[in-house]
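Just below is one structure, and these are the notes that go with it.
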Amino acid sequence: MSDRSSRRILLVLFLGVLMAAMDLAIVGPVLRPIRTTFDVSPRTGAWVLNVFVLFNLVGVPIMSRLADRLGRRRVYTSAVLTFGLGAVIVATSPTFETVLVGRAVQGLAASGIFPAASAVVGDVFPVERRGRALGVLGAVYGVAFLIGPGLAGALLAVAGWTWLYVLSVPFSLMVALAAWRILPKTVRASDERVDVAGLLTLGTGLAALAIGINRIDAGAVGQSLVSTDAAPYLLGAGALITGFIMIERRVPSPMLRLGLFRHRAVKIAAVLAIGAGLAEASFIFFPEFAASSFRVSSSTASFMLLPLVGAVAVGSPIAGRLLDRIGVRRIVTGSSILFTTGLALIAAIPGDRVAFYSGSILLGLGLAGLLGSSLSYILLNAARETERTVAQGIITLFLGIGQLVGGAMIGAVAVTAGGPDAGPDGYATAFGVVALVGVLCTGLGVLLPQRMRQAT
């Protein structure tokens with residue numbers, strides 16, 4: 001394939017992932033306006049993120065398997081169109097419950113975009129250029145978060161939060177048309193079936209986990225864990241997730257191919273993805289934290305995210321290029337140190353603007369090295385060619401688990417520590433908890449191999 005064709009393909013993939021990434025970029029700024037519109041608490045409002053992540057998780061194995069069976073182009077195009085449909089539902093919602101329906105549709109659609117895009121990279125680009133191509137896709141998050149807060153701030157100031165969803169509809173139509181025309185038609189497809197039993201068990205288990213965590217009182221964790229509010233959900237989640245693992249060991253076509261975890265690097269990458277998801281969930285709440293800490297409007301709080309997103313935009317392509325030069329272990333370890341330090345700084349001095357901006361930059365640089373390319377790089381090299389989409393689905397799955405747990409946990413801790421409206425102290429406490437997870441990620445990064453070899 002010519003360089004021109006590969007660049008066109010990468011551009012189409014970039015735009016589709018950008019659309020999905022923009023959703024995460026604007027959900028923070030719109031969280032407070034949505035809560036105000038429908039008069040819900042921060043703990044309840046967190047489900048705007050949680051429902052999206054939950055259906056994204058449930059959809060990953062379905063979309064990954066369909067992409068291997070039906071082709072990347074067909075699944076990628078359908079997912080992009082469905083994402084636009086979800087945006088229509090959110091923008092026209094008369095109730096908060098309808099908003100959650102639209103978010104569920106968007107989460108399901110997003111589950112097919114990034115895994116299929118990463119698999120196309122594995123199909124089109126040779127091994128020596130994959131790190132750079134994945135770095136470009138990783139830069140999507142930087143671009144999205146660079147554009148998103150500014151766009152959100154402007155529209156919140158002159159129009160309303162619904163317009164942030166209306167604008168994604170024509171964009172989805174444009175990307176879908178380009179994808180159908182440009183992406184390769186022929187793939188080495190798999191004829192394996194979707195693991196329905198595993199899918200239902202995992203989806204129900206994760207939903208129970210999110211509800212249970214969201215109901216924990218951070219001021220009395222021990223009592224909460226045995227209370228009737230949280231304990232039944234947490235115990236049910238444990239039983240269902242255990243059952244899911246047992247199912248995956250027996251079914252002929254598991255949704256989570258446990259054999260991939262024979263690689264130590266894959267095990268580490270899965271845990272790192274959970275940590276990165278927790279950190280990503282943290283900055284979703286940054287606009288609410290900034291609005292309450294510095295007493296600014298939701299529009300102004302959106303603009304205060306720009307240093308963070310600028311760091312992601314700058315760091316993602318750099319991390320992608322360095323992967324091919326200095327190896328994955330140094331990138332992951334350094335990135336984990338950066339995001340841990342950034343969150344710890346913000347948590348330690350919640351009312352200080354210098355600490356907020358400095359910590360935001362460190363967090364952005366750290367996440368750029370993890371979310372953008374490192375974890376995908378590990379899985380692409382650990383998986384065989386026919387397993388690339390499923391392998392990328394593993395990262396999406398564990399990243400989503402981190403986001404889901406993070407969204408539920410941060411909402412619960414913030415309300416418990418800071419009162420019904422959370423406030424600076426509540427969110428700072430929650431960010432401090434996530435910073436402790438970053439310490440674990442740093443230790444795991446040291447255990448990674450310096451270089452990854454392509455599986456055969």
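Chains: A, B, ... in order of the structure tokens. Residues: from 1 per chain. Ligands: from 1, in order shown.
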Tell me, counting only C-alpha atoms, for each residue of region 190-300 of chain A within 9 Å of region 402-426 of chain A, which pair of atoms is nearest and how far apart they are in Å to one decimal, in rows ordered by chain and increasing number, as a Markdown table.
| residue | atom | partner | partner_atom | distance |
| --- | --- | --- | --- | --- |
| A:Leu206 | CA | A:Leu404 | CA | 8.2 |
| A:Ala207 | CA | A:Leu404 | CA | 8.9 |
| A:Leu209 | CA | A:Val405 | CA | 7.7 |
| A:Ala210 | CA | A:Ala408 | CA | 5.7 |
| A:Ile211 | CA | A:Ala408 | CA | 7.3 |
| A:Gly212 | CA | A:Ala408 | CA | 8.5 |
| A:Ile213 | CA | A:Met409 | CA | 5.8 |
| A:Asn214 | CA | A:Ala408 | CA | 4.5 |
| A:Arg215 | CA | A:Ala412 | CA | 6.5 |
| A:Ile216 | CA | A:Ala412 | CA | 6.3 |
| A:Asp217 | CA | A:Thr416 | CA | 5.8 |
| A:Ala218 | CA | A:Val413 | CA | 5.1 |
| A:Gly219 | CA | A:Thr416 | CA | 6.1 |
| A:Ala220 | CA | A:Thr416 | CA | 9.0 |
| A:Val271 | CA | A:Gly402 | CA | 9.0 |
| A:Ala273 | CA | A:Gly402 | CA | 7.0 |
| A:Ile274 | CA | A:Gly402 | CA | 4.0 |
| A:Gly275 | CA | A:Gly402 | CA | 6.1 |
| A:Ala276 | CA | A:Gly402 | CA | 6.9 |
| A:Gly277 | CA | A:Gly402 | CA | 4.0 |
| A:Leu278 | CA | A:Gly406 | CA | 4.6 |
| A:Ala279 | CA | A:Gly406 | CA | 7.6 |
| A:Glu280 | CA | A:Gln403 | CA | 6.7 |
| A:Ala281 | CA | A:Gln403 | CA | 5.2 |
| A:Ser282 | CA | A:Gly406 | CA | 7.0 |
| A:Ile284 | CA | A:Gly407 | CA | 8.5 |
| A:Phe285 | CA | A:Ile410 | CA | 8.3 |
| A:Glu288 | CA | A:Gly423 | CA | 8.2 |
| A:Phe289 | CA | A:Pro424 | CA | 5.8 |
| A:Ala290 | CA | A:Pro424 | CA | 7.9 |
| A:Ala291 | CA | A:Gly423 | CA | 8.9 |
| A:Ser292 | CA | A:Gly423 | CA | 5.6 |
| A:Ser293 | CA | A:Pro424 | CA | 5.1 |
| A:Phe294 | CA | A:Pro424 | CA | 8.9 |
I want to know what sits within 7 Å of Leu308 (chain A), based on only C-alpha atoms, with residues of the same chain fewer than 4 positions away left out; could you give that as a ChimeraX atom specification? /A:312,360-361,363-364
Just write the chosen residues, N, CA and C atoms, as a PDB file, in the first residue's frame.
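And here is the file that came out, out.pdb:
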ATOM      1  N   VAL A 312      -1.643  16.811  26.862  1.00  0.00           N
ATOM      2  CA  VAL A 312      -1.970  15.554  26.201  1.00  0.00           C
ATOM      3  C   VAL A 312      -1.669  15.638  24.712  1.00  0.00           C
ATOM      4  N   SER A 360      -2.244  19.820  36.481  1.00  0.00           N
ATOM      5  CA  SER A 360      -2.968  19.467  35.256  1.00  0.00           C
ATOM      6  C   SER A 360      -2.006  19.130  34.125  1.00  0.00           C
ATOM      7  N   ILE A 361      -0.939  19.908  33.993  1.00  0.00           N
ATOM      8  CA  ILE A 361       0.055  19.663  32.940  1.00  0.00           C
ATOM      9  C   ILE A 361       0.755  18.322  33.165  1.00  0.00           C
ATOM     10  N   LEU A 363      -0.393  15.749  34.834  1.00  0.00           N
ATOM     11  CA  LEU A 363      -1.377  14.696  34.585  1.00  0.00           C
ATOM     12  C   LEU A 363      -1.559  14.472  33.088  1.00  0.00           C
ATOM     13  N   GLY A 364      -1.655  15.551  32.323  1.00  0.00           N
ATOM     14  CA  GLY A 364      -1.835  15.434  30.880  1.00  0.00           C
ATOM     15  C   GLY A 364      -0.678  14.737  30.205  1.00  0.00           C
TER      16      GLY A 364
END
Shortest contact to Leu362 (chain A), candidates A:Val196, A:Ala176, A:Ala144, A:Leu338, atoms counted only C-alpha atoms, goes to A:Leu338
Give one line per residue of region 247-326 of chain A that approaches region 151-175 of chain A to at most 12 Å, naming the two atoms of the closest pair and their distance in Å to one decimal, counting only C-alpha atoms; sort by chain then ascending residue number and deliver it as JSON lines.
{"residue": "A:Pro287", "atom": "CA", "partner": "A:Gly153", "partner_atom": "CA", "distance": 10.4}
{"residue": "A:Val296", "atom": "CA", "partner": "A:Gly153", "partner_atom": "CA", "distance": 11.8}
{"residue": "A:Ser297", "atom": "CA", "partner": "A:Ala157", "partner_atom": "CA", "distance": 9.1}
{"residue": "A:Ser298", "atom": "CA", "partner": "A:Gly153", "partner_atom": "CA", "distance": 7.3}
{"residue": "A:Ser299", "atom": "CA", "partner": "A:Gly153", "partner_atom": "CA", "distance": 4.1}
{"residue": "A:Thr300", "atom": "CA", "partner": "A:Gly153", "partner_atom": "CA", "distance": 6.4}
{"residue": "A:Ala301", "atom": "CA", "partner": "A:Gly153", "partner_atom": "CA", "distance": 7.7}
{"residue": "A:Ser302", "atom": "CA", "partner": "A:Gly153", "partner_atom": "CA", "distance": 5.2}
{"residue": "A:Phe303", "atom": "CA", "partner": "A:Gly153", "partner_atom": "CA", "distance": 6.2}
{"residue": "A:Met304", "atom": "CA", "partner": "A:Gly153", "partner_atom": "CA", "distance": 9.5}
{"residue": "A:Leu305", "atom": "CA", "partner": "A:Gly153", "partner_atom": "CA", "distance": 10.2}
{"residue": "A:Leu306", "atom": "CA", "partner": "A:Gly153", "partner_atom": "CA", "distance": 10.8}
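Distances here use only C-alpha atoms; by that measure, the residue among A:Val251, A:Val53, A:Ile245, A:Ile9 closest to Ala179 (chain A) is A:Ile9.
Take the candidates A:Gly198, A:Ala110, A:Ile318, A:Ala347 and check each one against Pro252 (chain A) using only C-alpha atoms; the shortest distance goes to A:Gly198.
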